[in-house]
file start34.txt (compact mmCIF, C-alpha atoms)
# COMPACT_ATOMS: atom_id res chain seq x y z
CA MET A 1 118.07 107.16 75.32
CA LYS A 2 114.81 109.08 75.12
CA LYS A 3 112.62 109.10 78.20
CA ARG A 4 109.14 110.44 78.76
CA PHE A 5 108.03 111.95 82.03
CA TYR A 6 105.32 114.13 83.49
CA ILE A 7 105.25 117.84 84.34
CA ALA A 8 104.88 117.01 88.03
CA GLY A 9 107.95 114.86 87.89
CA LEU A 10 109.92 117.65 86.24
CA ILE A 11 108.97 120.13 88.96
CA LEU A 12 109.89 117.66 91.71
CA ALA A 13 113.19 116.80 90.06
CA SER A 14 114.09 120.47 89.68
CA SER A 15 113.50 121.09 93.38
CA LEU A 16 115.69 118.14 94.36
CA SER A 17 118.57 118.69 91.92
CA MET A 18 121.84 119.11 93.82
CA GLY A 19 125.25 117.48 94.20
CA GLN A 20 126.22 114.62 91.92
CA ASP A 21 124.01 114.08 88.86
CA LYS A 22 121.99 110.91 88.86
CA VAL A 23 120.16 109.85 85.72
CA VAL A 24 116.67 108.58 86.49
CA LYS A 25 116.05 106.02 83.76
CA LEU A 26 112.29 105.86 83.76
CA GLU A 27 111.96 103.21 81.09
CA GLU A 28 114.38 100.80 82.80
CA SER A 29 112.28 100.49 85.97
CA VAL A 30 109.70 97.79 85.28
CA ILE A 31 106.70 98.09 87.58
CA THR A 32 103.58 96.07 88.19
CA SER A 33 100.98 98.63 89.26
CA GLU A 34 98.40 96.98 87.02
CA ASN A 35 99.65 93.43 87.54
CA THR A 36 101.37 93.62 84.17
CA GLU A 37 104.87 94.68 83.23
CA THR A 38 105.32 98.24 82.01
CA THR A 39 107.50 101.27 82.79
CA ILE A 40 107.17 104.21 85.16
CA ALA A 41 106.84 106.65 82.27
CA ASP A 42 103.83 104.73 80.94
CA ILE A 43 101.83 104.84 84.18
CA PRO A 44 100.01 108.09 85.11
CA LYS A 45 100.71 107.73 88.83
CA ASN A 46 103.31 109.02 91.25
CA ILE A 47 105.36 105.82 91.56
CA THR A 48 108.61 105.37 93.46
CA VAL A 49 110.84 102.36 92.73
CA LEU A 50 113.57 101.41 95.21
CA THR A 51 115.98 98.91 93.68
CA GLY A 52 117.78 96.10 95.49
CA GLU A 53 121.08 97.75 94.63
CA GLU A 54 120.01 100.97 96.37
CA ILE A 55 118.87 99.00 99.42
CA THR A 56 122.28 97.31 99.65
CA GLN A 57 124.23 100.53 99.13
CA ARG A 58 122.31 102.31 101.88
CA GLY A 59 122.82 99.42 104.31
CA ALA A 60 119.17 98.66 105.04
CA LYS A 61 118.79 95.39 106.96
CA THR A 62 114.98 95.13 106.95
CA VAL A 63 112.08 96.14 104.72
CA ALA A 64 111.21 98.84 107.25
CA GLU A 65 114.72 100.32 107.07
CA ALA A 66 114.57 100.19 103.27
CA LEU A 67 111.26 102.07 103.15
CA LYS A 68 112.74 104.83 105.30
CA LEU A 69 114.62 105.75 102.11
CA VAL A 70 111.33 106.55 100.35
CA SER A 71 110.18 110.12 101.04
CA SER A 72 106.49 109.34 100.51
CA VAL A 73 106.49 106.66 103.25
CA ILE A 74 106.57 107.32 107.01
CA VAL A 75 107.83 104.24 108.87
CA LYS A 76 106.34 103.92 112.34
CA GLU A 77 108.19 101.64 114.72
CA MET A 78 105.89 99.53 116.86
CA GLY A 79 107.97 98.88 119.98
CA GLY A 80 109.21 95.44 118.99
CA ALA A 81 106.33 94.53 116.68
CA ASP A 82 106.45 94.92 112.90
CA ALA A 83 106.58 98.50 111.68
CA ALA A 84 103.60 100.29 110.11
CA PHE A 85 103.96 102.19 106.82
CA ASP A 86 102.08 105.47 106.64
CA ILE A 87 101.33 106.87 103.19
CA ARG A 88 99.37 110.11 102.74
CA GLY A 89 99.11 110.76 106.48
CA GLN A 90 96.77 107.92 107.45
CA GLY A 91 97.93 108.19 111.06
CA PRO A 92 96.79 105.46 113.51
CA THR A 93 94.95 103.65 110.69
CA ALA A 94 98.07 103.39 108.53
CA LYS A 95 98.34 99.60 108.79
CA SER A 96 94.75 99.00 107.70
CA ASN A 97 94.90 101.53 104.83
CA VAL A 98 98.07 100.38 103.08
CA ILE A 99 98.26 97.10 101.17
CA VAL A 100 101.64 95.37 101.20
CA LEU A 101 102.27 92.83 98.43
CA VAL A 102 104.99 90.27 97.85
CA ASP A 103 105.33 89.52 94.14
CA GLY A 104 101.88 90.98 93.53
CA ALA A 105 100.03 88.96 96.23
CA PRO A 106 98.78 90.77 99.38
CA ILE A 107 100.22 89.77 102.77
CA ASN A 108 97.92 91.88 104.97
CA SER A 109 96.36 90.03 107.90
CA ILE A 110 92.68 89.09 107.72
CA ASP A 111 91.73 91.11 110.82
CA LEU A 112 93.00 94.45 109.41
CA SER A 113 95.84 94.54 111.97
CA GLY A 114 98.38 95.01 109.19
CA TYR A 115 101.26 92.99 107.80
CA GLN A 116 104.55 91.40 108.84
CA THR A 117 107.64 92.29 106.84
CA SER A 118 110.42 91.51 109.35
CA ASN A 119 110.72 87.94 108.04
CA ILE A 120 111.37 89.04 104.43
CA PRO A 121 115.14 88.91 103.72
CA VAL A 122 116.17 92.18 102.08
CA ASP A 123 119.00 90.33 100.29
CA ASN A 124 116.34 88.58 98.16
CA ILE A 125 114.54 91.78 97.11
CA GLU A 126 114.87 92.92 93.51
CA ARG A 127 112.91 96.14 94.01
CA ILE A 128 110.17 97.78 96.09
CA GLU A 129 107.42 99.70 94.31
CA VAL A 130 105.49 102.38 96.23
CA ILE A 131 102.25 103.71 94.75
CA PRO A 132 100.54 106.38 96.91
CA SER A 133 96.72 106.39 96.74
CA GLY A 134 96.77 103.66 94.13
CA GLY A 135 95.59 100.07 94.17
CA SER A 136 91.96 100.11 95.32
CA VAL A 137 90.67 99.04 91.89
CA LEU A 138 93.28 96.33 91.41
CA TYR A 139 93.61 95.03 95.00
CA GLY A 140 90.45 96.08 96.80
CA ASP A 141 89.85 97.07 100.42
CA GLY A 142 92.79 98.38 102.37
CA ALA A 143 94.49 100.47 99.66
CA VAL A 144 93.15 103.90 100.61
CA GLY A 145 96.62 105.11 101.60
CA GLY A 146 98.50 103.29 98.87
CA THR A 147 100.20 100.11 97.79
CA ILE A 148 103.69 98.72 98.49
CA ASN A 149 104.80 95.86 96.22
CA ILE A 150 107.93 93.93 97.27
CA VAL A 151 109.31 92.10 94.23
CA THR A 152 111.73 89.28 95.06
CA LYS A 153 114.58 88.23 92.81
CA ALA A 154 114.08 85.77 89.96
CA PRO A 155 116.60 83.13 88.78
CA GLU A 156 119.27 84.37 86.39
CA ASN A 157 119.68 83.00 82.87
CA LYS A 158 123.04 81.37 83.64
CA LYS A 159 124.27 77.78 83.67
CA ASN A 160 125.91 77.85 87.11
CA TYR A 161 126.31 80.76 89.49
CA GLY A 162 126.26 81.44 93.19
CA SER A 163 127.58 83.42 96.12
CA LEU A 164 128.66 82.93 99.71
CA ASN A 165 128.46 85.93 102.02
CA SER A 166 129.32 86.44 105.67
CA GLU A 167 128.87 89.62 107.68
CA ILE A 168 129.67 90.74 111.23
CA GLY A 169 128.45 94.06 112.57
CA SER A 170 127.41 96.09 115.57
CA TYR A 171 124.92 94.86 118.18
CA GLY A 172 126.07 91.28 117.76
CA LEU A 173 125.15 91.07 114.08
CA LYS A 174 126.16 87.77 112.47
CA LYS A 175 124.86 86.93 109.02
CA GLN A 176 125.64 84.13 106.58
CA GLN A 177 123.98 83.58 103.22
CA ILE A 178 124.57 81.11 100.42
CA THR A 179 122.94 81.25 96.97
CA TYR A 180 123.16 78.86 94.04
CA GLY A 181 121.43 78.93 90.68
CA THR A 182 121.55 76.92 87.50
CA LYS A 183 119.96 76.52 84.09
CA ILE A 184 118.47 73.11 83.27
CA GLY A 185 118.10 72.60 79.56
CA GLU A 186 117.01 75.60 77.53
CA LYS A 187 113.82 76.49 79.40
CA LEU A 188 114.15 75.92 83.15
CA LEU A 189 115.93 78.30 85.55
CA VAL A 190 116.31 77.38 89.23
CA GLU A 191 117.77 79.20 92.24
CA VAL A 192 117.99 78.33 95.95
CA ASP A 193 119.31 80.29 98.92
CA TYR A 194 119.73 79.96 102.66
CA LEU A 195 120.08 82.85 105.10
CA LYS A 196 120.86 82.92 108.81
CA LYS A 197 120.97 86.20 110.70
CA GLU A 198 121.44 86.90 114.41
CA LYS A 199 121.20 90.40 115.82
CA ASP A 200 120.78 92.00 119.24
CA GLY A 201 119.17 95.38 119.78
CA TYR A 202 120.41 98.63 121.26
CA ARG A 203 118.83 97.77 124.61
CA ASP A 204 119.01 94.69 126.80
CA TYR A 205 116.49 91.94 126.14
CA SER A 206 116.45 92.75 122.41
CA LYS A 207 116.80 90.16 119.68
CA ASP A 208 115.93 89.78 116.02
CA ASP A 209 117.08 86.42 114.61
CA LEU A 210 116.02 85.19 111.18
CA GLN A 211 116.44 81.96 109.27
CA SER A 212 115.18 81.72 105.71
CA PHE A 213 115.21 79.19 102.87
CA GLY A 214 114.08 80.13 99.38
CA PHE A 215 113.43 78.28 96.14
CA ARG A 216 112.71 80.12 92.89
CA SER A 217 112.08 78.71 89.42
CA ARG A 218 111.14 80.04 86.01
CA TYR A 219 110.06 77.87 83.09
CA LYS A 220 109.92 79.41 79.62
CA LEU A 221 106.97 78.36 77.48
CA ASN A 222 106.58 78.86 73.75
CA ASP A 223 103.97 81.56 74.36
CA GLY A 224 104.61 82.59 77.93
CA GLU A 225 106.24 81.50 81.16
CA LEU A 226 105.58 79.84 84.50
CA LYS A 227 107.14 81.11 87.73
CA PHE A 228 107.10 79.41 91.12
CA LYS A 229 108.55 80.73 94.36
CA TYR A 230 108.66 79.15 97.81
CA ASN A 231 110.01 80.70 100.97
CA TYR A 232 110.30 79.36 104.50
CA SER A 233 111.21 81.78 107.28
CA LYS A 234 111.55 81.64 111.02
CA ASN A 235 111.87 84.84 113.03
CA ASP A 236 112.73 84.83 116.77
CA PHE A 237 112.41 88.22 118.42
CA LYS A 238 112.51 89.97 121.78
CA ALA A 239 111.78 93.56 122.68
CA PRO A 240 112.27 95.31 126.06
CA GLY A 241 109.49 97.12 127.86
CA ALA A 242 109.12 100.81 128.59
CA LEU A 243 111.40 102.68 130.98
CA THR A 244 110.64 105.45 133.42
CA LYS A 245 112.37 108.81 133.07
CA ASP A 246 114.72 107.99 135.95
CA GLU A 247 115.60 104.63 134.39
CA VAL A 248 116.38 106.33 131.08
CA ASN A 249 118.66 108.83 132.81
CA GLU A 250 120.36 106.02 134.70
CA ASP A 251 120.92 103.67 131.72
CA ARG A 252 118.82 103.94 128.61
CA THR A 253 120.03 100.55 127.35
CA GLN A 254 118.63 98.60 130.29
CA SER A 255 115.43 96.53 130.29
CA ASN A 256 112.92 96.74 133.10
CA PRO A 257 111.99 93.14 134.06
CA ASN A 258 108.77 94.40 135.62
CA ALA A 259 107.59 96.10 132.42
CA TRP A 260 105.69 94.36 129.64
CA ARG A 261 108.25 92.80 127.29
CA ILE A 262 107.81 90.96 124.00
CA ASP A 263 109.18 87.47 123.43
CA GLY A 264 107.90 85.77 120.32
CA LYS A 265 108.41 83.67 117.24
CA THR A 266 106.98 83.65 113.72
CA GLU A 267 107.24 80.70 111.34
CA LYS A 268 105.92 81.03 107.81
CA ASN A 269 105.63 78.98 104.60
CA ASN A 270 104.81 81.01 101.51
CA PHE A 271 104.06 79.64 98.02
CA VAL A 272 103.53 81.90 94.98
CA GLY A 273 102.79 80.78 91.42
CA ASP A 274 102.60 83.09 88.41
CA TYR A 275 101.45 81.90 84.97
CA LEU A 276 101.59 84.05 81.83
CA TYR A 277 100.18 82.99 78.46
CA ASN A 278 100.24 85.16 75.34
CA ILE A 279 97.14 84.00 73.48
CA ASN A 280 98.09 86.21 70.52
CA SER A 281 99.93 89.46 69.93
CA ASP A 282 97.05 91.48 71.42
CA LEU A 283 95.64 89.21 74.14
CA GLU A 284 97.46 88.13 77.32
CA PHE A 285 96.25 85.87 80.13
CA LYS A 286 97.81 85.98 83.58
CA LEU A 287 97.10 83.87 86.66
CA LEU A 288 98.60 84.63 90.07
CA GLY A 289 98.15 82.35 93.06
CA ARG A 290 99.39 82.36 96.66
CA TYR A 291 99.14 79.98 99.58
CA ALA A 292 100.59 80.88 102.97
CA HIS A 293 100.65 79.16 106.34
CA GLU A 294 101.93 80.99 109.40
CA ASN A 295 102.42 80.22 113.10
CA TYR A 296 102.81 83.12 115.48
CA SER A 297 103.42 82.95 119.22
CA SER A 298 104.22 85.75 121.64
CA ASN A 299 103.68 86.31 125.37
CA GLY A 300 101.17 83.49 125.69
CA SER A 301 99.41 84.17 122.38
CA ASN A 302 99.41 81.42 119.79
CA TYR A 303 97.94 82.01 116.33
CA LYS A 304 97.84 79.96 113.17
CA THR A 305 96.87 81.61 109.90
CA GLU A 306 96.14 80.13 106.49
CA VAL A 307 95.61 82.23 103.37
CA LYS A 308 94.57 81.28 99.83
CA TYR A 309 94.60 83.87 97.04
CA LEU A 310 93.86 83.55 93.32
CA LYS A 311 93.90 86.33 90.72
CA PRO A 312 93.15 85.71 87.02
CA GLN A 313 93.14 88.51 84.44
CA LEU A 314 93.05 89.23 80.71
CA LYS A 315 94.81 92.13 79.03
CA TYR A 316 93.69 93.19 75.57
CA SER A 317 95.78 95.71 73.60
CA TYR A 318 93.89 97.74 71.02
CA LEU A 319 94.97 100.49 68.66
CA ASP A 320 98.36 102.05 69.53
CA GLU A 321 99.39 102.22 73.23
CA ASN A 322 95.85 101.45 74.40
CA TYR A 323 94.75 98.46 76.44
CA VAL A 324 92.04 97.18 78.75
CA VAL A 325 92.45 94.74 81.66
CA PHE A 326 89.64 92.49 82.92
CA GLY A 327 90.22 90.50 86.08
CA GLY A 328 89.07 89.25 89.44
CA ASP A 329 90.37 87.80 92.69
CA ILE A 330 89.35 85.29 95.32
CA TYR A 331 90.65 85.55 98.88
CA GLN A 332 90.08 83.06 101.71
CA GLY A 333 91.80 83.59 105.06
CA GLU A 334 91.44 81.91 108.44
CA THR A 335 93.14 82.59 111.77
CA ARG A 336 92.86 80.33 114.83
CA ASP A 337 93.75 81.46 118.32
CA PHE A 338 94.87 78.40 120.30
CA ALA A 339 95.69 80.32 123.45
CA TYR A 340 92.23 81.66 124.22
CA GLY A 341 89.48 79.14 123.62
CA ASN A 342 90.50 78.01 120.16
CA GLY A 343 88.78 81.03 118.58
CA LYS A 344 88.51 81.32 114.83
CA SER A 345 88.26 84.32 112.49
CA GLU A 346 87.66 84.26 108.75
CA LYS A 347 87.70 86.64 105.83
CA ASN A 348 86.28 85.71 102.43
CA SER A 349 86.34 88.04 99.47
CA LEU A 350 85.33 87.91 95.81
CA GLY A 351 86.13 90.86 93.54
CA GLY A 352 86.11 91.85 89.90
CA PHE A 353 87.67 94.82 88.14
CA ILE A 354 88.22 96.52 84.78
CA ILE A 355 90.98 99.01 83.94
CA ASN A 356 91.27 100.90 80.66
CA SER A 357 94.32 102.89 79.57
CA SER A 358 94.19 105.08 76.47
CA THR A 359 96.58 107.52 74.83
CA ILE A 360 95.60 110.49 72.71
CA GLU A 361 98.68 112.18 71.29
CA LYS A 362 100.58 113.19 74.48
CA PHE A 363 97.68 112.70 76.88
CA ARG A 364 97.28 109.44 78.76
CA PHE A 365 94.12 108.53 80.66
CA THR A 366 93.26 105.60 82.93
CA GLN A 367 89.79 104.62 84.10
CA GLY A 368 89.08 101.78 86.49
CA TYR A 369 86.15 100.25 88.36
CA ARG A 370 85.96 97.50 90.98
CA ARG A 371 83.13 95.68 92.78
CA GLN A 372 84.02 93.50 95.77
CA ASN A 373 81.94 91.33 98.10
CA ILE A 374 83.52 90.82 101.54
CA GLU A 375 82.51 88.70 104.50
CA TYR A 376 84.02 88.65 108.00
CA LYS A 377 82.93 85.97 110.43
CA GLY A 378 84.15 83.98 113.43
CA ASP A 379 84.61 84.26 117.16
CA ARG A 380 86.66 87.45 116.98
CA PHE A 381 84.35 89.23 114.53
CA VAL A 382 80.70 90.09 114.42
CA THR A 383 79.63 88.38 111.19
CA ARG A 384 79.39 91.07 108.57
CA LYS A 385 78.84 91.09 104.84
CA PHE A 386 79.23 94.15 102.67
CA LYS A 387 79.92 95.30 99.13
CA GLU A 388 82.62 97.77 98.19
CA ASP A 389 83.01 99.85 95.03
CA ALA A 390 86.17 101.62 93.86
CA ILE A 391 86.61 104.03 90.96
CA GLU A 392 89.85 105.35 89.50
CA LEU A 393 90.24 108.26 87.08
CA THR A 394 93.77 109.48 86.32
CA GLY A 395 95.42 111.45 83.56
CA SER A 396 98.84 112.71 82.58
CA TYR A 397 100.52 114.78 79.93
CA LEU A 398 103.69 113.37 78.34
CA TYR A 399 105.57 116.63 78.35
CA SER A 400 108.89 115.66 76.75
CA ASP A 401 111.26 112.92 75.63
CA TRP A 402 114.27 114.27 77.53
CA ASP A 403 116.37 112.44 80.05
CA LEU A 404 115.72 113.43 83.65
CA HIS A 405 118.73 114.29 85.84
CA MET A 406 118.77 114.62 89.61

call {"tool": "encode", "arguments": {"input": "start34.txt", "output": "structure tokens"}}
result
Amino acid sequence: MKKRFYIAGLILASSLSMGQDKVVKLEESVITSENTETTIADIPKNITVLTGEEITQRGAKTVAEALKLVSSVIVKEMGGADAAFDIRGQGPTAKSNVIVLVDGAPINSIDLSGYQTSNIPVDNIERIEVIPSGGSVLYGDGAVGGTINIVTKAPENKKNYGSLNSEIGSYGLKKQQITYGTKIGEKLLVEVDYLKKEKDGYRDYSKDDLQSFGFRSRYKLNDGELKFKYNYSKNDFKAPGALTKDEVNEDRTQSNPNAWRIDGKTEKNNFVGDYLYNINSDLEFKLLGRYAHENYSSNGSNYKTEVKYLKPQLKYSYLDENYVVFGGDIYQGETRDFAYGNGKSEKNSLGGFIINSSTIEKFRFTQGYRRQNIEYKGDRFVTRKFKEDAIELTGSYLYSDWDLHM
């Protein structure tokens, strides 16, 4: 099968070629860097796609462990808290300069403190897409370092199917998962799953337990489709405090009861809806919506967060392999701190963007512009309103139609 790729990709592949050949099938990896399905070869960006199969084969148990397999991402462990993902050497500001998405909807916190990925079951991940220095036009503030899109599995087009898995491993790992899916009529696909995982850490006073329930549906329309996903998760965790040098030499697995230790719980409900309507052969309308409600408690802290997100867009295809995308997004987030005076923090955002992709012979160019109005207010913020502009100019040369081997 013929594949197109860029000169930069060829140089990188040549430097990494060794051992067993692995065919990189660029046109089989569907990505969503512009909130629309396309292939890696058709996007002039340095995109890495990590499939669910690769995650399973490498034994990754969390999103953080999975992203350690991606060379462009530096995973920074946070001493019991959720890991930070550093792209392009953002350093201490990594969490506020990388946007993490689940099925195209951002999950970053409203106070720029980052994201929580420990309560996302890796067994339900279809693929993870990593786009360094890409996403500011499409997703707005927070994408200076790059974008990570976690795409969860969709129901299969089968009448009845399912699986029952049980796993026992080191550090007290016990995991059970059951999945069942079915096809109702000719248009509706449904899948449900339940996961329970218990795991201790390397050191005393370490725990990472997860319970998750998921519901996924896909309804085929005459000129499009409607997807709906719901996930409930509950994560109980503990992390030991720091040790002195003498304590490490004595027993590095111990926990110092006098040191600051983490003991917390996160409970989250996440709803995502995705509507696609093909108005005609050249015009496509897409609407993405997310609602999330989260409770977080740890060491006396008690937060409740509510997020609403809506993203409509139109894609118009003109001439051959040329298209333009018009869209916008509305974000409303609120966090209440019930432990310290019932404080409240809010973030409200309204953005609009346009992206144009054109092809001239073997040259492909993308131009994008975004304007976003953002407001932070509440007890934890000094009320602030500002406008943000983002511009994107990229180009690539489609060097060949060969297959790429690594």

call {"tool": "closest_residue", "arguments": {"input": "start34.txt", "among": "A:Glu294, A:Asp389, A:Asp123, A:Asp208", "to": "Thr179 in chain A", "atoms": "only C-alpha atoms"}}
result
A:Asp123

call {"tool": "atom_distance", "arguments": {"input": "start34.txt", "atom1": "CA of Tyr331 in chain A", "atom2": "CA of Asn373 in chain A"}}
result
10.5 Å

call {"tool": "atom_distance", "arguments": {"input": "start34.txt", "atom1": "CA of Ile330 in chain A", "atom2": "CA of Ile107 in chain A"}}
result
13.9 Å

call {"tool": "atom_distance", "arguments": {"input": "start34.txt", "atom1": "CA of Gly181 in chain A", "atom2": "CA of Val307 in chain A"}}
result
29.0 Å

call {"tool": "closest_residue", "arguments": {"input": "start34.txt", "among": "A:Ser281, A:Ser317, A:Asn348, A:Thr117", "to": "Ala84 in chain A", "atoms": "all atoms listed in the file"}}
result
A:Thr117

call {"tool": "closest_residue", "arguments": {"input": "start34.txt", "among": "A:Ile355, A:Val272, A:Ala239, A:Ile178", "to": "Arg216 in chain A", "atoms": "only C-alpha atoms"}}
result
A:Val272

call {"tool": "closest_residue", "arguments": {"input": "start34.txt", "among": "A:Asp86, A:Glu392, A:Asp204, A:Asp209", "to": "Thr62 in chain A", "atoms": "all atoms listed in the file"}}
result
A:Asp209

call {"tool": "closest_residue", "arguments": {"input": "start34.txt", "among": "A:Asn108, A:Asn356, A:Asn270, A:Asn160", "to": "Gly214 in chain A", "atoms": "only C-alpha atoms"}}
result
A:Asn270

call {"tool": "closest_residue", "arguments": {"input": "start34.txt", "among": "A:Ser96, A:Pro121, A:Thr147, A:Val192", "to": "Ala66 in chain A", "atoms": "only C-alpha atoms"}}
result
A:Pro121

call {"tool": "residues_around", "arguments": {"input": "start34.txt", "residues": "range 296-305 of chain A", "least_positions_apart": "3", "cutoff": "7 Å", "atoms": "all atoms listed in the file", "output": "list in words"}}
result
Ile262, Asp263, Gly264, Lys265, Thr266, Glu267, His293, Glu334, Thr335, Arg336, Asp337, Phe338 and Ala339 of chain A

call {"tool": "residues_around", "arguments": {"input": "start34.txt", "residues": "Arg252 in chain A", "least_positions_apart": "4", "cutoff": "9 Å", "atoms": "all atoms listed in the file", "output": "VMD selection string"}}
result
chain A and resid 203 243 247 to 248

call {"tool": "residues_around", "arguments": {"input": "start34.txt", "residues": "Asn231 in chain A", "least_positions_apart": "4", "cutoff": "8 Å", "atoms": "only C-alpha atoms", "output": "tab-separated table (two decimals) with C-alpha atoms, keeping the file's coordinate frame"}}
result
chain	number	residue	atom	x	y	z
A	212	SER	CA	115.18	81.72	105.71
A	213	PHE	CA	115.21	79.19	102.87
A	214	GLY	CA	114.08	80.13	99.38
A	215	PHE	CA	113.43	78.28	96.14
A	268	LYS	CA	105.92	81.03	107.81
A	269	ASN	CA	105.63	78.98	104.60
A	270	ASN	CA	104.81	81.01	101.51
A	271	PHE	CA	104.06	79.64	98.02

call {"tool": "residues_around", "arguments": {"input": "start34.txt", "residues": "Ile120 in chain A", "least_positions_apart": "5", "cutoff": "10 Å", "atoms": "only C-alpha atoms", "output": "VMD selection string"}}
result
chain A and resid 62 to 63 102 125 150 152 210 to 212 231 to 235

call {"tool": "write_last_selection", "arguments": {"input": "start34.txt", "atoms": "C-alpha atoms", "output": "tab-separated table (two decimals), in the frame of the given file"}}
result
chain	number	residue	atom	x	y	z
A	62	THR	CA	114.98	95.13	106.95
A	63	VAL	CA	112.08	96.14	104.72
A	102	VAL	CA	104.99	90.27	97.85
A	125	ILE	CA	114.54	91.78	97.11
A	150	ILE	CA	107.93	93.93	97.27
A	152	THR	CA	111.73	89.28	95.06
A	210	LEU	CA	116.02	85.19	111.18
A	211	GLN	CA	116.44	81.96	109.27
A	212	SER	CA	115.18	81.72	105.71
A	231	ASN	CA	110.01	80.70	100.97
A	232	TYR	CA	110.30	79.36	104.50
A	233	SER	CA	111.21	81.78	107.28
A	234	LYS	CA	111.55	81.64	111.02
A	235	ASN	CA	111.87	84.84	113.03

call {"tool": "residues_near_point", "arguments": {"input": "start34.txt", "point": "(85.7, 99.2, 84.6)", "cutoff": "10 Å", "atoms": "only C-alpha atoms", "output": "PDB file with C-alpha atoms, in the frame of the given file"}}
result
ATOM      1  CA  VAL A 137      90.670  99.040  91.890  1.00  0.00           C
ATOM      2  CA  VAL A 324      92.040  97.180  78.750  1.00  0.00           C
ATOM      3  CA  VAL A 325      92.450  94.740  81.660  1.00  0.00           C
ATOM      4  CA  PHE A 326      89.640  92.490  82.920  1.00  0.00           C
ATOM      5  CA  GLY A 327      90.220  90.500  86.080  1.00  0.00           C
ATOM      6  CA  GLY A 352      86.110  91.850  89.900  1.00  0.00           C
ATOM      7  CA  PHE A 353      87.670  94.820  88.140  1.00  0.00           C
ATOM      8  CA  ILE A 354      88.220  96.520  84.780  1.00  0.00           C
ATOM      9  CA  ILE A 355      90.980  99.010  83.940  1.00  0.00           C
ATOM     10  CA  ASN A 356      91.270 100.900  80.660  1.00  0.00           C
ATOM     11  CA  GLN A 367      89.790 104.620  84.100  1.00  0.00           C
ATOM     12  CA  GLY A 368      89.080 101.780  86.490  1.00  0.00           C
ATOM     13  CA  TYR A 369      86.150 100.250  88.360  1.00  0.00           C
ATOM     14  CA  ARG A 370      85.960  97.500  90.980  1.00  0.00           C
ATOM     15  CA  ARG A 371      83.130  95.680  92.780  1.00  0.00           C
ATOM     16  CA  ALA A 390      86.170 101.620  93.860  1.00  0.00           C
ATOM     17  CA  ILE A 391      86.610 104.030  90.960  1.00  0.00           C
ATOM     18  CA  GLU A 392      89.850 105.350  89.500  1.00  0.00           C
TER      19      GLU A 392
END
